[in-house]
Amino acid sequence: MSASAPHSSTSHPIPPHVGGGERRWQIVLLLLLTAAAFRLPGLFYPSEEYFDEVYHAKTAKQYLEGQPPTEWVHPPTAKLLIAVGVWAFGYEPWAWRLAPAIAGTLLAPVFFLFARRVLPTERAALLASVLLLADGVYLVQSRIAMTNIFAVLFQVSAALAVLRAALAERLPFLEMSLAGVLLGLALSTRWTSLWAWGFLGLVLVVVRKRRLTSPGCSSTIRPRRWSPSSATSGTTTRT
């Protein structure tokens, strides 16, 4: 009587992208809450204008009062956004710093979504986002009534929209329109955002050309994804 061969079960690897969408939005929420925890508390200190707040916060108030602006070097969008807090809560330190703090809070999850597009793994994108959160420059710019943080938020958001459009089968109207609006907001915040127009335009042309003319061209930009054929070899493909 021959012994029967033991039953062997073959383990099937779980595709890395299964549940990835839900996990991605969990990370987005975590980054949003973490950024808010470091940017929103204590906006009332110091209790007076400091550094360039003497120009930007005061100009926001002057816009509300219909007076000629003190600061006119850069376009008005950021100062108008600062004015929203002043209009809603009065000319208080935390009120004129509220809009920059919100912009700095939103920057973290937007940057993660952008990094997820250009880096090969979710872990790398998360690490890049953590480094952004830990950067003192972005923390300070998020807690002071200045224009820089608005420009960065609009530029990164525009870059995400442009990249999504460039990697699509056909140029999507929504992403291209959104990119145009965001680039317009960036330029209407700081003139230095003009470089983003040229750079992102070049990115769109180069990526789009490779996307259409070279097989697998998007593999140099888009994250790696699991495919059934790679399950047994332990490798991943990019789409």
# chains A, B, ... in the order shown; residues from 1 in each chain; ligands from 1
$ select_by_dssp --residues "segment 167-203 of chain A" --states "alpha helix (DSSP H)" --output "list in words"
Phe173, Leu174, Glu175, Met176, Ser177, Leu178, Ala179, Gly180, Val181, Leu182, Leu183, Gly184, Leu185, Ala186, Leu187, Leu194, Trp195, Ala196, Trp197, Gly198, Phe199, Leu200, Gly201, Leu202 and Val203 of chain A
$ write_last_selection --atoms "N, CA, C and O atoms" --output "compact mmCIF listing (two decimals), in the first residue's frame"
# COMPACT_ATOMS: atom_id res chain seq x y z
N PHE A 173 -10.40 66.64 -20.81
CA PHE A 173 -10.77 68.05 -20.72
C PHE A 173 -10.74 68.54 -19.27
O PHE A 173 -10.29 69.65 -18.99
N LEU A 174 -11.22 67.70 -18.35
CA LEU A 174 -11.33 68.12 -16.95
C LEU A 174 -9.95 68.42 -16.36
O LEU A 174 -9.74 69.48 -15.75
N GLU A 175 -9.00 67.49 -16.53
CA GLU A 175 -7.67 67.69 -15.96
C GLU A 175 -6.96 68.88 -16.60
O GLU A 175 -6.28 69.65 -15.92
N MET A 176 -7.09 69.02 -17.91
CA MET A 176 -6.44 70.14 -18.58
C MET A 176 -7.04 71.47 -18.14
O MET A 176 -6.33 72.46 -17.93
N SER A 177 -8.36 71.51 -18.00
CA SER A 177 -9.00 72.74 -17.53
C SER A 177 -8.59 73.06 -16.09
O SER A 177 -8.31 74.21 -15.75
N LEU A 178 -8.55 72.01 -15.26
CA LEU A 178 -8.14 72.21 -13.87
C LEU A 178 -6.71 72.70 -13.79
O LEU A 178 -6.39 73.59 -12.99
N ALA A 179 -5.83 72.13 -14.61
CA ALA A 179 -4.44 72.58 -14.63
C ALA A 179 -4.34 74.04 -15.02
O ALA A 179 -3.56 74.81 -14.44
N GLY A 180 -5.14 74.45 -16.01
CA GLY A 180 -5.12 75.85 -16.43
C GLY A 180 -5.59 76.79 -15.33
O GLY A 180 -4.98 77.85 -15.10
N VAL A 181 -6.64 76.40 -14.63
CA VAL A 181 -7.15 77.22 -13.52
C VAL A 181 -6.10 77.33 -12.41
O VAL A 181 -5.85 78.42 -11.87
N LEU A 182 -5.49 76.21 -12.06
CA LEU A 182 -4.50 76.20 -10.98
C LEU A 182 -3.26 77.00 -11.35
O LEU A 182 -2.69 77.71 -10.51
N LEU A 183 -2.81 76.88 -12.60
CA LEU A 183 -1.67 77.69 -13.03
C LEU A 183 -2.02 79.17 -13.03
O LEU A 183 -1.18 80.02 -12.70
N GLY A 184 -3.26 79.48 -13.39
CA GLY A 184 -3.70 80.87 -13.32
C GLY A 184 -3.70 81.39 -11.89
O GLY A 184 -3.28 82.52 -11.63
N LEU A 185 -4.17 80.56 -10.96
CA LEU A 185 -4.15 80.96 -9.55
C LEU A 185 -2.72 81.14 -9.04
O LEU A 185 -2.44 82.07 -8.27
N ALA A 186 -1.82 80.25 -9.47
CA ALA A 186 -0.43 80.38 -9.04
C ALA A 186 0.18 81.68 -9.54
O ALA A 186 0.86 82.40 -8.80
N LEU A 187 -0.06 81.99 -10.81
CA LEU A 187 0.51 83.20 -11.38
C LEU A 187 -0.13 84.45 -10.79
O LEU A 187 0.53 85.48 -10.65
N LEU A 194 5.58 82.01 -12.81
CA LEU A 194 5.63 81.95 -14.27
C LEU A 194 6.47 80.78 -14.75
O LEU A 194 6.18 80.19 -15.80
N TRP A 195 7.52 80.43 -13.99
CA TRP A 195 8.36 79.31 -14.41
C TRP A 195 7.56 78.02 -14.49
O TRP A 195 7.88 77.13 -15.31
N ALA A 196 6.54 77.88 -13.64
CA ALA A 196 5.75 76.65 -13.63
C ALA A 196 5.01 76.46 -14.95
O ALA A 196 4.81 75.32 -15.40
N TRP A 197 4.60 77.56 -15.58
CA TRP A 197 3.91 77.45 -16.87
C TRP A 197 4.83 76.78 -17.90
O TRP A 197 4.44 75.82 -18.57
N GLY A 198 6.05 77.31 -18.02
CA GLY A 198 6.98 76.75 -19.00
C GLY A 198 7.40 75.34 -18.66
O GLY A 198 7.43 74.46 -19.54
N PHE A 199 7.70 75.09 -17.39
CA PHE A 199 8.18 73.77 -17.00
C PHE A 199 7.09 72.71 -17.18
O PHE A 199 7.34 71.64 -17.76
N LEU A 200 5.88 72.99 -16.70
CA LEU A 200 4.81 72.00 -16.82
C LEU A 200 4.36 71.83 -18.26
O LEU A 200 3.94 70.75 -18.66
N GLY A 201 4.46 72.90 -19.05
CA GLY A 201 4.18 72.76 -20.48
C GLY A 201 5.17 71.82 -21.14
O GLY A 201 4.80 70.98 -21.97
N LEU A 202 6.45 71.94 -20.77
CA LEU A 202 7.48 71.05 -21.30
C LEU A 202 7.24 69.61 -20.85
O LEU A 202 7.38 68.66 -21.64
N VAL A 203 6.86 69.44 -19.58
CA VAL A 203 6.55 68.11 -19.06
C VAL A 203 5.41 67.48 -19.86
O VAL A 203 5.46 66.31 -20.25
$ closest_residue --among "A:Ile82, A:Val54, A:Trp25, A:Pro93" --to "Leu113 of chain A" --atoms "only C-alpha atoms"
A:Trp25
$ closest_residue --among "A:Lys79, A:Arg24, A:Arg143, A:Arg170" --to "Ser188 of chain A" --atoms "only C-alpha atoms"
A:Lys79
$ closest_residue --among "A:Leu153, A:Met146, A:Val207, A:Ala125" --to "Leu167 of chain A" --atoms "only C-alpha atoms"
A:Val207
$ closest_residue --among "A:Leu133, A:Leu127, A:Ala158, A:Ile144" --to "Ala57 of chain A" --atoms "only C-alpha atoms"
A:Ile144
$ atom_distance --atom1 "atom CA of Pro46 of chain A" --atom2 "atom CA of Tyr63 of chain A"
23.1 Å
$ closest_residue --among "A:Ala83, A:Val152, A:Leu31, A:Leu40" --to "Ala101 of chain A" --atoms "only C-alpha atoms"
A:Leu40
$ residues_around --residues "Val110 of chain A" --least-positions-apart "3" --cutoff "8 Å" --atoms "only C-alpha atoms" --output "PyMOL selection string"
chain A and resi 106-107+113-114+153+156-157
$ write_last_selection --atoms "N, CA, C and O atoms" --output "short mmCIF file (atom, residue, chain, number, x, y, z; two decimals), in the first residue's frame"
data_model
loop_
_atom_site.label_atom_id
_atom_site.label_comp_id
_atom_site.auth_asym_id
_atom_site.auth_seq_id
_atom_site.Cartn_x
_atom_site.Cartn_y
_atom_site.Cartn_z
N LEU A 106 -3.43 71.66 3.30
CA LEU A 106 -3.84 70.97 2.08
C LEU A 106 -2.64 70.53 1.24
O LEU A 106 -2.74 69.56 0.47
N LEU A 107 -1.52 71.22 1.39
CA LEU A 107 -0.34 70.90 0.58
C LEU A 107 0.14 69.47 0.82
O LEU A 107 0.56 68.79 -0.13
N LEU A 113 -0.31 62.75 -3.29
CA LEU A 113 -0.94 62.25 -4.52
C LEU A 113 -0.03 62.48 -5.73
O LEU A 113 0.04 61.64 -6.64
N PHE A 114 0.66 63.62 -5.74
CA PHE A 114 1.61 63.88 -6.82
C PHE A 114 2.80 62.91 -6.74
O PHE A 114 3.20 62.32 -7.75
N LEU A 153 1.17 75.54 -3.22
CA LEU A 153 0.00 74.67 -3.28
C LEU A 153 -0.59 74.65 -4.69
O LEU A 153 -0.90 73.57 -5.23
N VAL A 156 1.91 72.72 -7.16
CA VAL A 156 1.91 71.26 -7.00
C VAL A 156 0.59 70.67 -7.48
O VAL A 156 0.56 69.61 -8.13
N SER A 157 -0.51 71.34 -7.19
CA SER A 157 -1.81 70.86 -7.65
C SER A 157 -1.88 70.87 -9.18
O SER A 157 -2.41 69.93 -9.80
#
$ residues_around --residues "segment 135-139 of chain A" --least-positions-apart "6" --cutoff "8 Å" --atoms "only C-alpha atoms" --output "ChimeraX atom specification"
/A:38-39,104,149
